[in-house]
$ cat run_36.cif   # mmCIF, C-alpha atoms and all ligand atoms
data_protein
#
loop_
_atom_site.label_atom_id
_atom_site.label_comp_id
_atom_site.auth_asym_id
_atom_site.auth_seq_id
_atom_site.Cartn_x
_atom_site.Cartn_y
_atom_site.Cartn_z
CA MET V 1 0.00 0.00 0.00
CA SER V 2 1.66 3.21 -1.11
CA ARG V 3 2.01 6.15 1.30
CA ALA V 4 0.47 3.99 4.02
CA VAL V 5 0.63 5.01 7.66
CA VAL V 6 0.94 2.57 10.54
CA ALA V 7 -1.94 3.05 12.96
CA TYR V 8 -2.98 1.29 16.14
CA LEU V 9 -6.50 0.62 17.33
CA GLY V 10 -7.59 -0.45 20.79
CA VAL V 11 -10.28 -3.13 20.78
CA GLY V 12 -12.44 -3.98 23.78
CA ALA V 13 -15.70 -5.73 24.63
CA ASN V 14 -17.66 -6.57 27.77
CA LEU V 15 -21.07 -7.61 26.42
CA GLY V 16 -22.11 -10.82 24.70
CA ASP V 17 -19.48 -13.19 23.31
CA ARG V 18 -16.54 -10.83 23.75
CA GLU V 19 -14.02 -12.84 21.77
CA ALA V 20 -16.43 -13.37 18.87
CA ASN V 21 -17.27 -9.64 18.82
CA ILE V 22 -13.60 -8.71 18.65
CA ALA V 23 -12.98 -11.29 15.93
CA ALA V 24 -15.96 -9.94 13.97
CA SER V 25 -14.66 -6.37 14.24
CA ILE V 26 -11.23 -7.41 12.92
CA ASP V 27 -12.89 -9.34 10.14
CA ARG V 28 -14.80 -6.23 9.08
CA LEU V 29 -11.63 -4.13 9.25
CA ARG V 30 -9.85 -6.55 6.93
CA ARG V 31 -12.55 -5.96 4.33
CA VAL V 32 -12.14 -2.17 4.27
CA PRO V 33 -10.33 -0.92 1.14
CA GLY V 34 -7.24 1.03 2.19
CA VAL V 35 -6.81 -0.92 5.43
CA GLU V 36 -4.38 -3.78 5.87
CA VAL V 37 -4.55 -5.46 9.28
CA GLU V 38 -1.01 -6.54 10.18
CA ALA V 39 -1.26 -7.92 13.70
CA LEU V 40 -3.58 -8.48 16.65
CA SER V 41 -2.09 -8.50 20.14
CA PRO V 42 -2.99 -11.22 22.65
CA LEU V 43 -6.28 -10.41 24.40
CA HIS V 44 -6.40 -9.95 28.15
CA GLU V 45 -9.06 -9.13 30.74
CA SER V 46 -9.37 -5.81 32.55
CA GLU V 47 -11.63 -4.21 35.14
CA PRO V 48 -14.14 -1.68 33.78
CA VAL V 49 -13.27 1.99 34.44
CA GLY V 50 -16.09 4.15 35.88
CA GLY V 51 -19.79 3.86 35.11
CA ALA V 52 -22.27 1.44 36.67
CA PRO V 53 -21.08 -1.98 37.90
CA GLN V 54 -20.53 -4.09 34.80
CA ALA V 55 -18.69 -7.14 33.44
CA ARG V 56 -14.94 -7.31 32.90
CA PHE V 57 -13.55 -6.28 29.54
CA LEU V 58 -11.54 -8.25 27.08
CA ASN V 59 -8.94 -5.91 25.55
CA GLY V 60 -6.37 -5.95 22.82
CA ALA V 61 -4.79 -3.80 20.12
CA VAL V 62 -4.51 -4.00 16.35
CA ARG V 63 -1.67 -2.81 14.14
CA LEU V 64 -2.74 -1.80 10.69
CA ARG V 65 -1.37 -0.04 7.68
CA THR V 66 -3.74 2.40 6.05
CA SER V 67 -4.01 4.94 3.28
CA LEU V 68 -7.16 6.37 4.89
CA SER V 69 -7.11 9.72 6.67
CA PRO V 70 -7.45 9.62 10.48
CA HIS V 71 -11.03 10.89 10.24
CA ALA V 72 -11.94 8.30 7.61
CA LEU V 73 -10.47 5.57 9.81
CA LEU V 74 -12.44 6.93 12.79
CA ALA V 75 -15.65 6.82 10.73
CA ILE V 76 -14.92 3.19 9.79
CA CYS V 77 -14.40 2.29 13.46
CA GLN V 78 -17.69 3.94 14.41
CA ALA V 79 -19.54 2.19 11.59
CA ILE V 80 -18.19 -1.19 12.75
CA GLU V 81 -19.18 -0.41 16.36
CA ARG V 82 -22.72 0.42 15.18
CA ASP V 83 -22.81 -2.67 13.03
CA LEU V 84 -21.91 -4.90 15.95
CA GLY V 85 -24.65 -3.45 18.13
CA ARG V 86 -23.12 -0.56 20.02
CA PRO V 87 -25.87 2.08 20.31
CA THR V 88 -25.19 5.64 19.10
CA PRO V 89 -24.98 8.04 20.72
CA HIS V 90 -23.57 6.10 23.64
CA GLY V 91 -22.78 7.32 27.14
CA ARG V 92 -19.29 7.27 28.62
CA ASN V 93 -18.27 4.12 30.49
CA GLN V 94 -21.28 2.06 29.40
CA PRO V 95 -21.15 -1.71 28.80
CA ARG V 96 -20.50 -2.41 25.13
CA PRO V 97 -20.35 -5.35 22.71
CA ILE V 98 -17.42 -3.67 20.95
CA ASP V 99 -15.22 -0.63 21.37
CA LEU V 100 -12.76 0.45 18.68
CA ASP V 101 -10.50 3.36 19.66
CA LEU V 102 -8.03 5.01 17.32
CA LEU V 103 -4.94 5.17 19.56
CA LEU V 104 -2.05 6.18 17.33
CA TYR V 105 -1.84 7.27 13.71
CA GLY V 106 1.81 7.36 12.73
CA ASP V 107 3.48 10.28 14.51
CA LEU V 108 0.44 12.50 14.16
CA THR V 109 -0.75 14.69 17.01
CA LEU V 110 -4.18 16.15 16.39
CA ASP V 111 -6.81 18.01 18.38
CA SER V 112 -10.11 18.33 16.58
CA SER V 113 -13.60 18.33 18.06
CA ASP V 114 -14.24 14.68 17.33
CA LEU V 115 -10.75 13.16 17.22
CA GLN V 116 -7.69 13.58 19.35
CA LEU V 117 -4.40 11.85 18.56
CA PRO V 118 -2.72 10.15 20.25
CA HIS V 119 -5.82 9.03 22.18
CA PRO V 120 -5.95 11.45 25.15
CA ARG V 121 -6.08 8.74 27.82
CA LEU V 122 -3.74 6.28 26.14
CA PHE V 123 -0.90 6.68 28.63
CA ASP V 124 -3.22 6.39 31.67
CA ARG V 125 -4.63 3.02 30.76
CA GLU V 126 -2.68 -0.16 31.37
CA PHE V 127 -5.31 -2.13 29.45
CA VAL V 128 -4.28 -0.18 26.33
CA LEU V 129 -0.55 0.04 27.02
CA ARG V 130 -0.13 -3.68 27.60
CA PRO V 131 -1.36 -4.81 24.15
CA LEU V 132 0.60 -1.98 22.48
CA ARG V 133 3.78 -3.21 24.16
CA ALA V 134 2.92 -6.72 23.02
CA LEU V 135 2.82 -5.40 19.46
CA GLY V 136 6.30 -3.97 19.94
CA VAL V 137 5.31 -0.28 20.08
CA ASP V 138 8.10 1.83 21.56
CA LEU V 139 5.94 3.88 23.93
CA ALA V 140 8.80 6.14 24.97
CA ALA V 141 9.16 7.24 21.35
CA ALA V 142 5.40 7.55 20.69
CA PRO V 143 3.96 11.06 20.33
CA ARG V 144 2.40 12.45 23.53
CA PRO V 145 -1.22 13.58 23.61
CA VAL V 146 -1.58 17.35 23.26
CA ARG V 147 -3.23 17.64 26.64
CA PRO V 148 -4.23 19.99 27.99
CA VAL V 149 -4.45 22.76 25.43
CA LEU V 150 -3.48 25.99 27.17
CA VAL V 151 -5.58 28.91 26.00
CA ARG V 152 -4.87 32.52 26.93
CA ALA V 153 -7.21 34.41 24.61
CA ALA V 154 -10.95 34.57 25.29
CA SER V 155 -11.74 34.39 21.58
CA GLU V 156 -9.66 31.24 21.24
CA PHE V 157 -11.43 29.64 24.20
CA ALA V 158 -14.81 30.46 22.66
CA ALA V 159 -13.69 29.02 19.30
CA LEU V 160 -12.48 25.81 20.95
CA SER V 161 -15.78 25.32 22.74
CA SER V 162 -17.67 26.01 19.50
CA SER V 163 -15.68 23.28 17.78
CA TRP V 164 -16.63 20.92 20.60
CA TRP V 165 -20.28 21.89 20.19
CA ARG V 166 -20.13 21.24 16.47
CA GLY V 167 -18.73 17.80 17.23
CA GLY V 168 -21.77 17.09 19.44
CA CYS V 169 -19.71 16.91 22.64
CA THR V 170 -20.95 17.52 26.17
CA ILE V 171 -18.69 20.10 27.80
CA GLY V 172 -17.82 20.25 31.49
CA LEU V 173 -16.52 23.52 32.92
CA VAL V 174 -14.50 23.69 36.15
CA PRO V 175 -13.87 27.32 37.13
CA THR V 176 -11.02 27.87 39.61
CA MET V 177 -8.65 30.52 40.86
CA GLY V 178 -5.69 28.14 40.73
CA ALA V 179 -3.53 27.03 43.68
CA LEU V 180 -5.17 23.71 43.01
CA HIS V 181 -5.57 20.87 45.47
CA ALA V 182 -7.46 17.59 45.77
CA GLY V 183 -10.76 19.49 46.13
CA HIS V 184 -10.34 21.00 42.67
CA ALA V 185 -9.18 17.63 41.35
CA SER V 186 -12.43 16.07 42.56
CA LEU V 187 -14.38 18.59 40.47
CA VAL V 188 -12.37 17.67 37.38
CA GLN V 189 -12.93 13.98 38.09
CA ALA V 190 -16.69 14.53 38.34
CA ALA V 191 -16.58 16.41 35.03
CA ARG V 192 -14.50 13.73 33.31
CA ALA V 193 -16.91 11.06 34.46
CA GLU V 194 -19.87 12.58 32.62
CA CYS V 195 -18.61 14.94 29.90
CA ASP V 196 -16.91 14.34 26.55
CA ARG V 197 -14.69 17.41 26.97
CA VAL V 198 -13.53 19.15 30.15
CA ALA V 199 -12.22 22.69 30.40
CA ALA V 200 -10.76 24.08 33.61
CA THR V 201 -10.19 27.79 34.05
CA ILE V 202 -7.54 29.45 36.18
CA PHE V 203 -8.29 33.08 36.83
CA VAL V 204 -7.77 35.02 40.04
CA ASN V 205 -10.79 37.24 39.58
CA PRO V 206 -10.06 40.76 40.82
CA LEU V 207 -13.78 41.66 40.85
CA GLN V 208 -14.47 39.34 43.76
CA PHE V 209 -11.75 40.72 46.05
CA GLY V 210 -12.33 43.73 48.31
CA PRO V 211 -9.74 46.55 48.46
CA HIS V 212 -8.22 45.20 51.67
CA GLU V 213 -8.30 41.53 50.72
CA ASP V 214 -5.54 39.19 49.56
CA LEU V 215 -5.68 39.66 45.74
CA ALA V 216 -1.98 40.48 45.36
CA LEU V 217 -0.91 37.73 47.75
CA TYR V 218 -3.22 35.01 46.42
CA PRO V 219 -0.99 31.98 45.60
CA ARG V 220 -0.32 31.44 41.88
CA PRO V 221 1.68 28.20 41.43
CA PHE V 222 0.84 28.04 37.73
CA ALA V 223 3.19 25.25 36.62
CA ALA V 224 2.03 22.94 39.41
CA ASP V 225 -1.60 23.76 38.58
CA LEU V 226 -1.09 22.86 34.93
CA ALA V 227 0.60 19.61 35.91
CA LEU V 228 -2.33 18.68 38.16
CA LEU V 229 -4.86 19.44 35.41
CA ALA V 230 -2.83 17.44 32.89
CA ARG V 231 -2.74 14.50 35.31
CA GLU V 232 -6.49 14.73 35.78
CA GLY V 233 -6.98 14.66 32.03
CA VAL V 234 -8.63 18.01 31.29
CA ASP V 235 -8.80 18.83 27.60
CA ALA V 236 -8.21 22.55 27.89
CA VAL V 237 -7.05 25.10 30.45
CA PHE V 238 -8.23 28.66 30.00
CA ALA V 239 -5.91 31.02 31.88
CA PRO V 240 -6.55 34.59 30.76
CA ASP V 241 -5.00 37.71 32.23
CA ASP V 242 -7.15 40.49 33.72
CA HIS V 243 -7.12 42.52 30.51
CA GLU V 244 -8.27 39.56 28.43
CA MET V 245 -11.28 39.04 30.71
CA TYR V 246 -12.28 42.62 31.42
CA GLY V 247 -10.66 44.88 28.84
CA GLU V 248 -9.97 48.56 29.35
CA ARG V 249 -13.20 50.03 30.68
CA PHE V 250 -15.16 47.06 31.92
CA ALA V 251 -18.01 48.43 34.06
CA SER V 252 -20.81 45.87 34.31
CA ARG V 253 -21.71 43.73 37.31
CA ILE V 254 -24.33 41.07 37.83
CA SER V 255 -25.88 41.50 41.23
CA VAL V 256 -27.70 38.56 42.76
CA GLY V 257 -30.44 39.04 45.39
CA ALA V 258 -31.26 37.19 48.56
CA GLU V 259 -28.79 34.35 48.06
CA ALA V 260 -25.92 36.87 48.12
CA GLU V 261 -27.09 38.53 51.35
CA GLY V 262 -25.69 37.82 54.81
CA MET V 263 -22.70 35.68 55.68
CA GLU V 264 -20.02 36.10 52.95
CA GLY V 265 -22.16 38.75 51.25
CA ALA V 266 -22.18 40.82 54.44
CA ALA V 267 -18.51 40.22 55.28
CA ARG V 268 -17.21 40.88 51.75
CA ALA V 269 -18.97 43.81 50.05
CA GLY V 270 -19.24 43.26 46.29
CA HIS V 271 -17.80 39.75 46.49
CA PHE V 272 -20.76 37.89 45.02
CA ALA V 273 -21.37 40.46 42.29
CA GLY V 274 -17.76 39.78 41.28
CA VAL V 275 -18.29 36.01 41.42
CA ALA V 276 -21.57 36.18 39.47
CA THR V 277 -20.01 38.40 36.81
CA VAL V 278 -17.00 36.19 36.18
CA VAL V 279 -19.05 32.99 36.21
CA ALA V 280 -21.52 34.47 33.71
CA LYS V 281 -18.63 35.54 31.48
CA LEU V 282 -17.13 32.07 31.65
CA PHE V 283 -20.51 30.50 30.86
CA VAL V 284 -20.85 32.70 27.78
CA LEU V 285 -17.32 31.93 26.57
CA ALA V 286 -17.24 28.20 27.31
CA ARG V 287 -20.91 27.43 26.65
CA PRO V 288 -20.64 24.35 28.87
CA THR V 289 -23.38 21.77 29.14
CA HIS V 290 -22.30 21.10 32.75
CA ALA V 291 -20.44 23.21 35.33
CA TYR V 292 -18.84 21.94 38.52
CA PHE V 293 -18.61 23.79 41.83
CA GLY V 294 -17.63 22.78 45.35
CA GLU V 295 -20.08 22.68 48.23
CA LYS V 296 -17.20 24.03 50.29
CA ASP V 297 -18.26 27.47 49.02
CA GLY V 298 -21.88 26.84 49.88
CA GLN V 299 -23.27 30.34 49.56
CA GLN V 300 -21.40 30.81 46.28
CA LEU V 301 -23.15 27.72 44.93
CA GLU V 302 -26.54 29.17 45.89
CA VAL V 303 -25.65 32.40 44.09
CA ILE V 304 -24.56 30.49 40.97
CA GLU V 305 -27.66 28.30 40.93
CA ARG V 306 -29.85 31.42 41.17
CA LEU V 307 -27.88 33.19 38.42
CA THR V 308 -28.14 30.15 36.13
CA LEU V 309 -31.90 29.96 36.58
CA ASP V 310 -32.52 33.70 36.33
CA LEU V 311 -30.44 34.26 33.20
CA GLY V 312 -31.62 31.05 31.57
CA PHE V 313 -28.26 29.38 31.05
CA ALA V 314 -28.98 25.82 29.85
CA ILE V 315 -26.24 24.41 32.07
CA ALA V 316 -26.48 21.61 34.62
CA ILE V 317 -24.84 22.91 37.81
CA ARG V 318 -23.18 20.07 39.68
CA ARG V 319 -22.57 20.30 43.43
CA CYS V 320 -19.42 18.46 44.47
CA PRO V 321 -18.86 17.39 48.09
CA THR V 322 -16.18 19.11 50.16
CA VAL V 323 -12.81 17.36 50.19
CA ARG V 324 -11.15 17.51 53.61
CA ALA V 325 -7.77 16.83 55.19
CA PRO V 326 -7.75 13.78 57.49
CA ASP V 327 -8.23 16.08 60.52
CA GLY V 328 -11.42 17.51 59.02
CA LEU V 329 -10.10 20.85 57.73
CA ALA V 330 -11.69 21.63 54.35
CA LEU V 331 -8.98 21.87 51.69
CA SER V 332 -8.58 25.48 50.57
CA SER V 333 -6.00 27.39 48.58
CA ARG V 334 -5.79 29.75 51.57
CA ASN V 335 -4.69 27.03 54.02
CA VAL V 336 -1.07 27.66 52.96
CA TYR V 337 -1.24 31.04 54.71
CA LEU V 338 -1.82 29.44 58.11
CA SER V 339 1.01 29.37 60.63
CA PRO V 340 1.71 25.88 62.00
CA ALA V 341 -0.14 26.73 65.22
CA ASP V 342 -3.14 28.07 63.31
CA ARG V 343 -3.12 25.06 61.00
CA ALA V 344 -3.29 22.83 64.06
CA ALA V 345 -6.20 24.88 65.43
CA ALA V 346 -8.14 25.27 62.15
CA PRO V 347 -10.03 21.92 62.27
CA VAL V 348 -12.16 23.62 64.95
CA LEU V 349 -14.42 24.83 62.11
CA HIS V 350 -15.21 21.28 61.14
CA ARG V 351 -15.61 20.23 64.78
CA ALA V 352 -18.15 23.01 65.33
CA LEU V 353 -20.12 21.99 62.24
CA ALA V 354 -20.02 18.32 63.21
CA ASP V 355 -21.17 19.16 66.74
CA VAL V 356 -24.14 21.13 65.43
CA LYS V 357 -24.99 18.36 63.03
CA GLN V 358 -25.02 15.88 65.87
CA ALA V 359 -27.49 18.10 67.74
CA TRP V 360 -29.64 18.32 64.59
CA VAL V 361 -29.60 14.54 64.19
CA GLY V 362 -30.60 14.35 67.88
CA GLY V 363 -33.74 16.37 67.03
CA GLU V 364 -32.72 19.99 67.74
CA ARG V 365 -34.33 22.29 65.15
CA ASP V 366 -34.09 25.69 66.86
CA ALA V 367 -31.66 27.67 64.66
CA ASP V 368 -30.66 29.99 67.53
CA ALA V 369 -29.82 27.07 69.81
CA LEU V 370 -27.86 25.36 67.03
CA GLU V 371 -25.95 28.54 66.24
CA ARG V 372 -25.09 29.06 69.93
CA ARG V 373 -23.68 25.54 70.06
CA GLY V 374 -21.46 26.16 67.04
CA GLN V 375 -20.35 29.54 68.38
CA ALA V 376 -19.38 27.94 71.70
CA VAL V 377 -17.14 25.37 70.01
CA ILE V 378 -15.31 28.10 68.11
CA ALA V 379 -15.05 30.29 71.23
CA ALA V 380 -13.22 27.48 73.00
CA GLU V 381 -10.36 27.78 70.49
CA PRO V 382 -8.43 30.95 71.35
CA ARG V 383 -6.64 31.16 67.97
CA ALA V 384 -9.96 31.37 66.06
CA LYS V 385 -11.97 34.62 65.89
CA LEU V 386 -15.53 33.89 64.85
CA ASP V 387 -17.04 35.92 61.99
CA TYR V 388 -20.35 34.09 61.90
CA PHE V 389 -21.98 30.79 62.60
CA VAL V 390 -25.31 30.59 60.79
CA VAL V 391 -27.88 27.83 60.38
CA ARG V 392 -30.22 28.23 57.44
CA ASP V 393 -32.06 25.85 55.12
CA ALA V 394 -30.83 22.76 56.99
CA ARG V 395 -27.21 23.75 56.55
CA ALA V 396 -24.68 25.21 59.02
CA PHE V 397 -22.18 27.82 57.78
CA VAL V 398 -19.12 29.11 59.59
CA ALA V 399 -16.41 31.71 58.96
CA ALA V 400 -13.50 32.45 61.28
CA ARG V 401 -10.23 34.35 61.19
CA PHE V 402 -6.84 33.17 62.37
CA VAL V 403 -4.60 36.06 63.26
CA GLY V 404 -1.31 34.18 62.91
CA ASP V 405 1.97 34.98 64.58
CA GLY V 406 3.12 37.78 62.31
CA GLY V 407 -0.27 39.52 62.52
CA LYS V 408 -1.36 38.32 59.05
CA THR V 409 -5.00 37.28 59.17
CA THR V 410 -6.32 34.22 57.30
CA ARG V 411 -10.05 33.89 56.95
CA LEU V 412 -11.50 30.42 56.45
CA ILE V 413 -15.05 29.31 55.65
CA ASP V 414 -16.78 25.96 55.81
CA ASN V 415 -20.29 24.54 55.86
CA MET V 416 -22.11 21.26 56.28
CA PRO V 417 -25.53 19.91 55.35
CA LEU V 418 -27.37 18.90 58.54
CA ASP V 419 -29.92 16.56 57.01
CA ARG V 420 -27.64 14.22 55.04
CA SER V 421 -24.22 12.65 55.35
P1 LIG V 501 -11.39 28.44 44.10
O1 LIG V 501 -10.18 28.12 43.29
O2 LIG V 501 -11.13 28.56 45.55
O3 LIG V 501 -12.20 29.57 43.53
O4 LIG V 501 -12.34 27.15 43.97
C1 LIG V 501 -12.72 26.67 42.72
C2 LIG V 501 -13.77 25.60 42.89
O5 LIG V 501 -13.26 24.55 43.68
C3 LIG V 501 -15.01 26.13 43.61
O6 LIG V 501 -16.17 25.58 43.00
C4 LIG V 501 -14.81 25.63 45.00
O7 LIG V 501 -16.01 25.47 45.72
C5 LIG V 501 -14.14 24.30 44.74
N1 LIG V 501 -13.43 23.84 45.94
C6 LIG V 501 -12.55 24.55 46.69
N2 LIG V 501 -12.15 23.84 47.75
C7 LIG V 501 -12.79 22.64 47.68
C8 LIG V 501 -12.81 21.45 48.49
N3 LIG V 501 -12.09 21.36 49.61
N4 LIG V 501 -13.60 20.44 48.13
C9 LIG V 501 -14.35 20.51 46.99
N5 LIG V 501 -14.37 21.59 46.19
C10 LIG V 501 -13.61 22.64 46.52
#
$ encode --input "run_36.cif" --output "structure tokens"
Amino acid sequence: MSRAVVAYLGVGANLGDREANIAASIDRLRRVPGVEVEALSPLHESEPVGGAPQARFLNGAVRLRTSLSPHALLAICQAIERDLGRPTPHGRNQPRPIDLDLLLYGDLTLDSSDLQLPHPRLFDREFVLRPLRALGVDLAAAPRPVRPVLVRAASEFAALSSSWWRGGCTIGLVPTMGALHAGHASLVQAARAECDRVAATIFVNPLQFGPHEDLALYPRPFAADLALLAREGVDAVFAPDDHEMYGERFASRISVGAEAEGMEGAARAGHFAGVATVVAKLFVLARPTHAYFGEKDGQQLEVIERLTLDLGFAIAIRRCPTVRAPDGLALSSRNVYLSPADRAAAPVLHRALADVKQAWVGGERDADALERRGQAVIAAEPRAKLDYFVVRDARAFVAARFVGDGGKTTRLIDNMPLDRS
């Protein structure tokens, strides 16, 4: 075959007669003009990744030589999958009679809406790597997936998301201010589990900081953040500068009503208008189908849910549970500011919430009594200065400051649902 390229496909099945399905798929491949199947690796079993409980997979890889373009080869794979009974469109991580993935196409790296080469999760999956090794692929010399794409310009981010839309992808958005930790990673994981494409944003939003807050000091470990997002498998990182987001004379704000009042809204004038404005801008740019936020910032989530409803964004807002350190402290980018003594004292926020929850579970429903309990737990920790302890809508919220040894104050917030675990 002249001008042929060597390509590798992953084959997998966990429904029906798995071996027969794989054999049938290879048989169909052999009959495609412009495709010459050269070798099939040994098949081996693997545990399913994600999704509902389901049967084990049988996996392998195929080496072929082809004169078809990558997109034509992809279309062939999809036609064979359909032919052998895989429904289209199909959800992620569903059981399937056959799965044909285009893993490698010569040395090509490609990022289009419907095809990414090498396969973006190739190097994370032993069930793909093993058969490739068996076929003698030198993985160290193989091209690396172009993940994640780093985008600085708003117009470029919008264009990327449009290309994803055109490809019929679901798009998960994970907005962050960087200084990423396992809490942020859990948001990305939730997005990966249900969306075809995931974009994370890193933007320390000046609109949501008051004049005397920590905007200038906010940690910005950009390289480490990118590495974490790459590890978690995001497809794109949007990291604009202030000018790119707000331009020269940006003057508009979205103000949200009752949800933004009290608690953080009272302690941080203008904070939620800043949050609502940046989130709305990101929604317009990214046009996500899903957006992921942490329950750790409970009032912020209420503001965003209200904004989404009021402005009619057709976006599913996903609430992700708070990720905590083993001693109960909610992970936060601001925890790095704490002195060792304050860090040791900071789990008092979680203890106060847990104490109030226990009272709730014991039948206490008087908000004042519950708040007094929480306040008393915080008061017993001399390093913590209480800002508020509020019980509303079956949820307890707390904010406290730690003054530190050098006089630098760190303010932490936390909250807990009282009526569920
Ligand atoms: P930030 O970078 O602080 O603006 O946070 C970005 C997103 O991560 C927000 O939706 C936060 O609620 C979420 N987040 C922050 N900390 C945690 C945590 N400990 N667990 C889960 N989500 C979190």
$ axis_aligned_box --input "run_36.cif" --around "ligand LIG 501 (chain V)" --padding-each-side "3 Å" --output "AutoDock Vina command-line options"
--center_x -13.2 --center_y 25.0 --center_z 46.2 --size_x 12.0 --size_y 15.1 --size_z 12.9
$ residues_around --input "run_36.cif" --residues "Ser252 (chain V)" --least-positions-apart "6" --cutoff "10 Å" --atoms "only C-alpha atoms" --output "list in words"
Tyr246, Ala273, Gly274 and Thr277 of chain V
$ residues_near_ligand --input "run_36.cif" --ligand "ligand LIG 501 (chain V)" --cutoff "7 Å" --atoms "all atoms listed in the file" --output "PyMOL selection string"
chain V and resi 175-180+183-184+186-187+292-297+320-324+330-333
$ atom_distance --input "run_36.cif" --atom1 "CA of Ala251 (chain V)" --atom2 "CA of Gly265 (chain V)"
20.2 Å
$ atom_distance --input "run_36.cif" --atom1 "CA of Leu307 (chain V)" --atom2 "CA of Ile413 (chain V)"
21.8 Å
$ atom_distance --input "run_36.cif" --atom1 "CA of Ala191 (chain V)" --atom2 "CA of Ser421 (chain V)"
22.0 Å
$ closest_atom_pairs --input "run_36.cif" --of "region 280-305 of chain V" --to "region 228-245 of chain V" --cutoff "12 Å" --atoms "all atoms listed in the file" --output "JSON lines"
{"residue": "V:Ala280", "atom": "CA", "partner": "V:Met245", "partner_atom": "CA", "distance": 11.6}
{"residue": "V:Lys281", "atom": "CA", "partner": "V:Met245", "partner_atom": "CA", "distance": 8.2}
{"residue": "V:Leu282", "atom": "CA", "partner": "V:Met245", "partner_atom": "CA", "distance": 9.1}
{"residue": "V:Val284", "atom": "CA", "partner": "V:Met245", "partner_atom": "CA", "distance": 11.8}
{"residue": "V:Leu285", "atom": "CA", "partner": "V:Met245", "partner_atom": "CA", "distance": 10.2}
{"residue": "V:Ala286", "atom": "CA", "partner": "V:Phe238", "partner_atom": "CA", "distance": 9.4}
$ closest_residue --input "run_36.cif" --among "V:Ser255, V:Arg351, V:Glu261, V:Pro288" --to "Asp196 (chain V)" --atoms "all atoms listed in the file"
V:Pro288
$ closest_residue --input "run_36.cif" --among "V:Gly262, V:Ala227, V:Leu160, V:Leu215" --to "Asp114 (chain V)" --atoms "only C-alpha atoms"
V:Leu160
$ residues_around --input "run_36.cif" --residues "Lys385 (chain V)" --least-positions-apart "3" --cutoff "12 Å" --atoms "all atoms listed in the file" --output "list in words"
Asp342, Ala345, Ala346, Val348, Leu349, Gln375, Ala376, Val377, Ile378, Ala379, Ala380, Glu381, Pro382, Tyr388, Phe389, Val398, Ala399, Ala400, Arg401, Phe402, Val403, Gly404, Thr409, Thr410, Arg411, Leu412 and Ile413 of chain V
$ residues_around --input "run_36.cif" --residues "Asp83 (chain V)" --least-positions-apart "3" --cutoff "12 Å" --atoms "all atoms listed in the file" --output "list in words"
Asn21, Ala24, Ser25, Arg28, Leu29, Ile76, Cys77, Gln78, Ala79, Ile80, Arg86, Pro87, Thr88, Pro97, Ile98, Asp99 and Leu100 of chain V
$ residues_around --input "run_36.cif" --residues "region 57-71 of chain V" --least-positions-apart "4" --cutoff "6 Å" --atoms "all atoms listed in the file" --output "number ranges by chain"
V: 4-14, 34-41, 43-46, 131
$ residues_around --input "run_36.cif" --residues "Arg392 (chain V)" --least-positions-apart "5" --cutoff "12 Å" --atoms "only C-alpha atoms" --output "VMD selection string"
chain V and resid 259 262 to 263 298 to 299 365 to 368 370 to 371 397 to 398 415 to 419
$ closest_residue --input "run_36.cif" --among "V:Ala260, V:Pro95, V:Ala223, V:Thr289" --to "Trp165 (chain V)" --atoms "all atoms listed in the file"
V:Thr289
$ closest_residue --input "run_36.cif" --among "V:Asp355, V:Asp310, V:Glu248, V:Glu194" --to "His290 (chain V)" --atoms "only C-alpha atoms"
V:Glu194
$ closest_residue --input "run_36.cif" --among "V:Ala158, V:Ala352, V:Ile254, V:Val174" --to "Arg318 (chain V)" --atoms "only C-alpha atoms"
V:Val174
$ closest_residue --input "run_36.cif" --among "V:Val49, V:Leu309, V:Ser161, V:Leu74" --to "Arg125 (chain V)" --atoms "only C-alpha atoms"
V:Val49
